[in-house]
Amino acid sequence: MTSDSAAGGKAFRIAFVGLGNMGGGMAANQAKAGRQVLAFDLSEAALARAVAAGCQAAASAAEAVSQADVVITMLPAGPHVRKVYAEQVLPNARPGTVMVDCSTIDVESARAVAAEVKAAGFRFADAPVSGGTAAADAGTLAFMVGCDEPDFALVEEILAPMSRATIRAGDHGTGQAAKICNNMVLGISMIAVCEAVALAEKLGLDPERFFEITSKSSGQCWSVTSYYPWPGPVPTAPSNRGYEGGFATAMMLKDLKLAQDAAAKAGAATPMGAQAEGLYALFDRLGAGGKDFSGILHLLRGHLEELKLAPKA
């Protein structure tokens, strides 16, 4: 890595692997920051969007990695991360390459990959994100980082074009632990808010007036003030655009499954997390996997028809 990149980040050569709903916007923000981004995804359409946003297309993950001094991965699940690092990243990385995995995966996989990367002589961080697709596009994600403490300043600089907040959670794997615990809180709190909104409506209290009250009362939380599930009070919330373009129900369900798996392995009691997983699993099964998770309001209201869902086969 050049001294210029250490000082200002402009000279980072980044291999960005995984250009889906989140990764596409993240890679674009690295390119906007003036960094050379060698992008790869199995989807030709995703790769074309990255090129239009200023990235350079690579023919494979291995090709991108071989030309970079930073590798950022954003992949669907633990098995994908393990496979890509074992088969594409580690065999092709140049000496001194820094590797940052922004996927949301199980803690065990994150620590296993970190051990393999360190054994091969490279630096690694697990750095899952919070903020959804809008924040990915805007460069305002929050990153929860698990890494060796001396590496954090460099990791923070690498993530800067994509971030509004980058916090070191601790050693390898704690970034993933922070992500799944945070999203368990989010999933549970959204169900609580949706239940309250549905009850308020049944009791003759206008949901918009309820927002005015609860946003200034003890029920105030992020799911109320930043992501209210009823259209109107929070203009930027997905509830105002048909529950599209936010944090998909299928992704919330994935995170809650990760949390329950981690809880089972750690011997932790998470009864509310288990209940939340069950409700989002039902919502997903009814065809809402692609809808924002706050749309579960309409399941609780008994008005799923408002979402115009196509049930899963």
# chains A, B, ... in the order shown; residues from 1 in each chain; ligands from 1
>>> residues_around(residues="A:Ser66", least_positions_apart="3", cutoff="9 Å", atoms="only C-alpha atoms", output="VMD selection string")
chain A and resid 15 61 to 63 69 89 91 to 94
>>> write_last_selection(atoms="C-alpha atoms", output="PDB file, in the first residue's frame")
ATOM      1  CA  ALA A  15     -11.084  -5.373  -4.856  1.00  0.00           C
ATOM      2  CA  ALA A  61     -12.831 -12.348  -7.796  1.00  0.00           C
ATOM      3  CA  ALA A  62      -9.330 -13.774  -8.135  1.00  0.00           C
ATOM      4  CA  GLU A  63      -8.438 -11.243 -10.847  1.00  0.00           C
ATOM      5  CA  ASP A  69      -4.092  -3.852  -1.769  1.00  0.00           C
ATOM      6  CA  VAL A  89      -8.870 -14.307  -2.012  1.00  0.00           C
ATOM      7  CA  PRO A  91      -4.428 -17.784  -3.060  1.00  0.00           C
ATOM      8  CA  ASN A  92      -4.298 -14.559  -5.095  1.00  0.00           C
ATOM      9  CA  ALA A  93      -3.675 -11.750  -2.587  1.00  0.00           C
ATOM     10  CA  ARG A  94      -0.476  -9.762  -2.726  1.00  0.00           C
TER      11      ARG A  94
END
>>> residues_around(residues="A:Ala33", least_positions_apart="3", cutoff="12 Å", atoms="only C-alpha atoms", output="NGL selection string")
:A and (5 or 8-14 or 26-30 or 36-37 or 53-55 or 139 or 157-163)
>>> select_by_dssp(residues="stretch 58-258 of chain A", states="strand (DSSP E or B)", output="ChimeraX atom specification")
/A:70-73,98-101,123-126,129-130,141-147,163-170,248
>>> write_last_selection(atoms="N, CA and C atoms", output="PDB file, in the first residue's frame")
ATOM      1  N   VAL A  70      -6.394  -3.754  -0.982  1.00  0.00           N
ATOM      2  CA  VAL A  70      -7.487  -3.897  -0.012  1.00  0.00           C
ATOM      3  C   VAL A  70      -8.550  -4.778  -0.656  1.00  0.00           C
ATOM      4  N   VAL A  71      -9.051  -5.735   0.090  1.00  0.00           N
ATOM      5  CA  VAL A  71     -10.157  -6.566  -0.367  1.00  0.00           C
ATOM      6  C   VAL A  71     -11.363  -6.305   0.531  1.00  0.00           C
ATOM      7  N   ILE A  72     -12.499  -5.957  -0.080  1.00  0.00           N
ATOM      8  CA  ILE A  72     -13.759  -5.808   0.662  1.00  0.00           C
ATOM      9  C   ILE A  72     -14.746  -6.811   0.082  1.00  0.00           C
ATOM     10  N   THR A  73     -15.335  -7.616   0.956  1.00  0.00           N
ATOM     11  CA  THR A  73     -16.324  -8.593   0.513  1.00  0.00           C
ATOM     12  C   THR A  73     -17.674  -8.294   1.149  1.00  0.00           C
ATOM     13  N   VAL A  98      -4.915  -5.904   2.927  1.00  0.00           N
ATOM     14  CA  VAL A  98      -5.829  -5.835   4.063  1.00  0.00           C
ATOM     15  C   VAL A  98      -7.190  -6.333   3.612  1.00  0.00           C
ATOM     16  N   MET A  99      -7.826  -7.172   4.413  1.00  0.00           N
ATOM     17  CA  MET A  99      -9.077  -7.806   4.026  1.00  0.00           C
ATOM     18  C   MET A  99     -10.178  -7.453   5.013  1.00  0.00           C
ATOM     19  N   VAL A 100     -11.301  -6.988   4.469  1.00  0.00           N
ATOM     20  CA  VAL A 100     -12.427  -6.553   5.293  1.00  0.00           C
ATOM     21  C   VAL A 100     -13.692  -7.220   4.776  1.00  0.00           C
ATOM     22  N   ASP A 101     -14.328  -8.020   5.625  1.00  0.00           N
ATOM     23  CA  ASP A 101     -15.574  -8.667   5.224  1.00  0.00           C
ATOM     24  C   ASP A 101     -16.747  -7.924   5.852  1.00  0.00           C
ATOM     25  N   ARG A 123      -3.865  -9.030   7.286  1.00  0.00           N
ATOM     26  CA  ARG A 123      -4.725  -8.400   8.296  1.00  0.00           C
ATOM     27  C   ARG A 123      -6.182  -8.524   7.872  1.00  0.00           C
ATOM     28  N   PHE A 124      -7.061  -8.688   8.873  1.00  0.00           N
ATOM     29  CA  PHE A 124      -8.461  -8.970   8.587  1.00  0.00           C
ATOM     30  C   PHE A 124      -9.367  -8.266   9.588  1.00  0.00           C
ATOM     31  N   ALA A 125     -10.558  -7.872   9.107  1.00  0.00           N
ATOM     32  CA  ALA A 125     -11.600  -7.340   9.991  1.00  0.00           C
ATOM     33  C   ALA A 125     -12.950  -7.861   9.529  1.00  0.00           C
ATOM     34  N   ASP A 126     -13.791  -8.271  10.480  1.00  0.00           N
ATOM     35  CA  ASP A 126     -15.202  -8.469  10.160  1.00  0.00           C
ATOM     36  C   ASP A 126     -15.892  -7.148  10.484  1.00  0.00           C
ATOM     37  N   VAL A 129     -22.615  -4.211   8.640  1.00  0.00           N
ATOM     38  CA  VAL A 129     -23.143  -2.854   8.562  1.00  0.00           C
ATOM     39  C   VAL A 129     -24.566  -2.765   9.071  1.00  0.00           C
ATOM     40  N   SER A 130     -24.949  -1.550   9.426  1.00  0.00           N
ATOM     41  CA  SER A 130     -26.328  -1.227   9.774  1.00  0.00           C
ATOM     42  C   SER A 130     -26.720   0.015   8.993  1.00  0.00           C
ATOM     43  N   LEU A 141     -23.541   4.380   6.261  1.00  0.00           N
ATOM     44  CA  LEU A 141     -23.696   3.158   7.035  1.00  0.00           C
ATOM     45  C   LEU A 141     -22.983   3.255   8.376  1.00  0.00           C
ATOM     46  N   ALA A 142     -23.424   2.440   9.311  1.00  0.00           N
ATOM     47  CA  ALA A 142     -22.690   2.253  10.561  1.00  0.00           C
ATOM     48  C   ALA A 142     -21.993   0.898  10.480  1.00  0.00           C
ATOM     49  N   PHE A 143     -20.696   0.884  10.795  1.00  0.00           N
ATOM     50  CA  PHE A 143     -19.908  -0.342  10.739  1.00  0.00           C
ATOM     51  C   PHE A 143     -19.537  -0.792  12.150  1.00  0.00           C
ATOM     52  N   MET A 144     -19.721  -2.083  12.413  1.00  0.00           N
ATOM     53  CA  MET A 144     -19.348  -2.692  13.684  1.00  0.00           C
ATOM     54  C   MET A 144     -18.164  -3.608  13.408  1.00  0.00           C
ATOM     55  N   VAL A 145     -17.006  -3.269  13.933  1.00  0.00           N
ATOM     56  CA  VAL A 145     -15.760  -3.885  13.478  1.00  0.00           C
ATOM     57  C   VAL A 145     -15.170  -4.808  14.532  1.00  0.00           C
ATOM     58  N   GLY A 146     -14.833  -6.002  14.093  1.00  0.00           N
ATOM     59  CA  GLY A 146     -14.041  -6.916  14.902  1.00  0.00           C
ATOM     60  C   GLY A 146     -12.671  -7.064  14.266  1.00  0.00           C
ATOM     61  N   CYS A 147     -11.622  -6.631  14.972  1.00  0.00           N
ATOM     62  CA  CYS A 147     -10.269  -6.701  14.408  1.00  0.00           C
ATOM     63  C   CYS A 147      -9.245  -6.558  15.521  1.00  0.00           C
ATOM     64  N   SER A 163     -19.178   5.294   5.315  1.00  0.00           N
ATOM     65  CA  SER A 163     -19.555   5.268   6.729  1.00  0.00           C
ATOM     66  C   SER A 163     -19.945   6.621   7.310  1.00  0.00           C
ATOM     67  N   ARG A 164     -20.933   6.595   8.224  1.00  0.00           N
ATOM     68  CA  ARG A 164     -21.189   7.737   9.106  1.00  0.00           C
ATOM     69  C   ARG A 164     -20.659   7.454  10.504  1.00  0.00           C
ATOM     70  N   ALA A 165     -20.456   6.176  10.825  1.00  0.00           N
ATOM     71  CA  ALA A 165     -19.924   5.776  12.133  1.00  0.00           C
ATOM     72  C   ALA A 165     -19.245   4.426  11.986  1.00  0.00           C
ATOM     73  N   THR A 166     -18.016   4.337  12.483  1.00  0.00           N
ATOM     74  CA  THR A 166     -17.275   3.079  12.473  1.00  0.00           C
ATOM     75  C   THR A 166     -16.779   2.834  13.887  1.00  0.00           C
ATOM     76  N   ILE A 167     -17.230   1.726  14.479  1.00  0.00           N
ATOM     77  CA  ILE A 167     -16.947   1.457  15.884  1.00  0.00           C
ATOM     78  C   ILE A 167     -16.282   0.099  16.019  1.00  0.00           C
ATOM     79  N   ARG A 168     -15.173   0.049  16.732  1.00  0.00           N
ATOM     80  CA  ARG A 168     -14.531  -1.241  17.008  1.00  0.00           C
ATOM     81  C   ARG A 168     -15.272  -1.925  18.154  1.00  0.00           C
ATOM     82  N   ALA A 169     -15.836  -3.093  17.855  1.00  0.00           N
ATOM     83  CA  ALA A 169     -16.557  -3.846  18.881  1.00  0.00           C
ATOM     84  C   ALA A 169     -15.611  -4.648  19.757  1.00  0.00           C
ATOM     85  N   GLY A 170     -14.474  -5.046  19.183  1.00  0.00           N
ATOM     86  CA  GLY A 170     -13.509  -5.870  19.908  1.00  0.00           C
ATOM     87  C   GLY A 170     -12.717  -6.695  18.924  1.00  0.00           C
ATOM     88  N   ALA A 248     -35.121  -5.589   3.772  1.00  0.00           N
ATOM     89  CA  ALA A 248     -36.054  -6.642   3.384  1.00  0.00           C
ATOM     90  C   ALA A 248     -36.347  -7.600   4.527  1.00  0.00           C
TER      91      ALA A 248
END
>>> closest_residue(among="A:Gly267, A:Gly173, A:Gly131, A:Gly278", to="A:Val107", atoms="only C-alpha atoms")
A:Gly173
>>> select_by_dssp(residues="stretch 23-166 of chain A", states="helix (DSSP H, G or I)", output="number ranges by chain")
A: 23-32, 44-52, 61-66, 78-89, 107-119, 132-138, 149-162
>>> residues_around(residues="A:Asp284", least_positions_apart="4", cutoff="10 Å", atoms="only C-alpha atoms", output="mmCIF file with N, CA and C atoms, in the first residue's frame")
data_model
loop_
_atom_site.group_PDB
_atom_site.id
_atom_site.type_symbol
_atom_site.label_atom_id
_atom_site.label_comp_id
_atom_site.auth_asym_id
_atom_site.auth_seq_id
_atom_site.Cartn_x
_atom_site.Cartn_y
_atom_site.Cartn_z
ATOM 1 N N ALA A 248 -35.121 -5.589 3.772
ATOM 2 C CA ALA A 248 -36.054 -6.642 3.384
ATOM 3 C C ALA A 248 -36.347 -7.600 4.527
ATOM 4 N N THR A 249 -37.590 -8.045 4.581
ATOM 5 C CA THR A 249 -38.012 -9.019 5.584
ATOM 6 C C THR A 249 -37.121 -10.256 5.563
ATOM 7 N N ALA A 250 -36.750 -10.720 4.374
ATOM 8 C CA ALA A 250 -35.890 -11.905 4.274
ATOM 9 C C ALA A 250 -34.544 -11.670 4.939
ATOM 10 N N MET A 251 -34.031 -10.441 4.864
ATOM 11 C CA MET A 251 -32.754 -10.133 5.508
ATOM 12 C C MET A 251 -32.905 -10.050 7.028
ATOM 13 N N MET A 252 -34.004 -9.471 7.500
ATOM 14 C CA MET A 252 -34.257 -9.460 8.936
ATOM 15 C C MET A 252 -34.392 -10.887 9.461
ATOM 16 N N LEU A 253 -35.096 -11.721 8.727
ATOM 17 C CA LEU A 253 -35.253 -13.114 9.137
ATOM 18 C C LEU A 253 -33.902 -13.815 9.194
ATOM 19 N N GLY A 278 -40.097 -16.162 14.631
ATOM 20 C CA GLY A 278 -41.285 -16.873 14.177
ATOM 21 C C GLY A 278 -42.246 -15.989 13.401
ATOM 22 N N LEU A 279 -42.443 -14.760 13.865
ATOM 23 C CA LEU A 279 -43.358 -13.842 13.177
ATOM 24 C C LEU A 279 -42.821 -13.418 11.809
ATOM 25 N N TYR A 280 -41.519 -13.117 11.744
ATOM 26 C CA TYR A 280 -40.956 -12.726 10.450
ATOM 27 C C TYR A 280 -40.900 -13.921 9.502
ATOM 28 N N ALA A 288 -43.838 -11.878 1.762
ATOM 29 C CA ALA A 288 -43.329 -10.539 2.054
ATOM 30 C C ALA A 288 -41.810 -10.473 2.165
ATOM 31 N N GLY A 289 -41.103 -11.500 1.709
ATOM 32 C CA GLY A 289 -39.654 -11.520 1.854
ATOM 33 C C GLY A 289 -38.945 -10.330 1.244
ATOM 34 N N GLY A 290 -39.487 -9.789 0.153
ATOM 35 C CA GLY A 290 -38.866 -8.642 -0.501
ATOM 36 C C GLY A 290 -39.334 -7.300 0.002
ATOM 37 N N LYS A 291 -40.359 -7.294 0.841
ATOM 38 C CA LYS A 291 -40.878 -6.056 1.412
ATOM 39 C C LYS A 291 -40.075 -5.648 2.653
ATOM 40 N N PHE A 293 -39.213 -4.846 6.353
ATOM 41 C CA PHE A 293 -39.687 -5.594 7.521
ATOM 42 C C PHE A 293 -40.759 -4.854 8.318
ATOM 43 N N ILE A 296 -44.672 -5.638 8.385
ATOM 44 C CA ILE A 296 -45.326 -6.624 9.246
ATOM 45 C C ILE A 296 -46.496 -5.999 10.003
ATOM 46 N N PRO A 311 -48.076 -14.986 -2.598
ATOM 47 C CA PRO A 311 -47.590 -16.025 -1.681
ATOM 48 C C PRO A 311 -46.519 -16.900 -2.316
ATOM 49 N N LYS A 312 -45.609 -17.398 -1.482
ATOM 50 C CA LYS A 312 -44.560 -18.290 -1.969
ATOM 51 C C LYS A 312 -45.170 -19.603 -2.430
#
>>> residues_around(residues="A:Leu75", least_positions_apart="4", cutoff="8 Å", atoms="only C-alpha atoms", output="ChimeraX atom specification")
/A:17-18,80-81,102-104
>>> write_last_selection(atoms="N, CA and C atoms", output="compact mmCIF listing (two decimals), in the first residue's frame")
# COMPACT_ATOMS: atom_id res chain seq x y z
N VAL A 17 -15.84 -7.44 -3.83
CA VAL A 17 -16.48 -8.68 -4.27
C VAL A 17 -17.86 -8.79 -3.62
N GLY A 18 -18.89 -8.74 -4.46
CA GLY A 18 -20.26 -8.80 -3.97
C GLY A 18 -20.95 -7.47 -4.15
N HIS A 80 -20.53 -18.81 1.81
CA HIS A 80 -20.00 -18.04 0.67
C HIS A 80 -18.69 -17.36 1.06
N VAL A 81 -18.66 -16.77 2.25
CA VAL A 81 -17.46 -16.07 2.69
C VAL A 81 -16.30 -17.05 2.84
N CYS A 102 -17.60 -7.36 5.01
CA CYS A 102 -18.75 -6.59 5.47
C CYS A 102 -20.06 -7.40 5.45
N SER A 103 -19.96 -8.67 5.11
CA SER A 103 -21.14 -9.54 5.11
C SER A 103 -21.68 -9.69 6.53
N THR A 104 -22.96 -10.07 6.63
CA THR A 104 -23.52 -10.46 7.92
C THR A 104 -23.57 -11.98 7.94
>>> closest_residue(among="A:Ala192, A:Ala45, A:Ala262, A:Val185", to="A:Asp106", atoms="only C-alpha atoms")
A:Ala262
>>> closest_residue(among="A:Pro238, A:Gly295, A:Gly187, A:Gly204", to="A:Gly273", atoms="only C-alpha atoms")
A:Gly187
>>> atom_distance(atom1="atom CA of A:Asp151", atom2="atom CA of A:Val113")
16.5 Å
>>> closest_residue(among="A:Ala77, A:Ala50, A:Leu203, A:Met272", to="A:Asp137", atoms="only C-alpha atoms")
A:Ala50
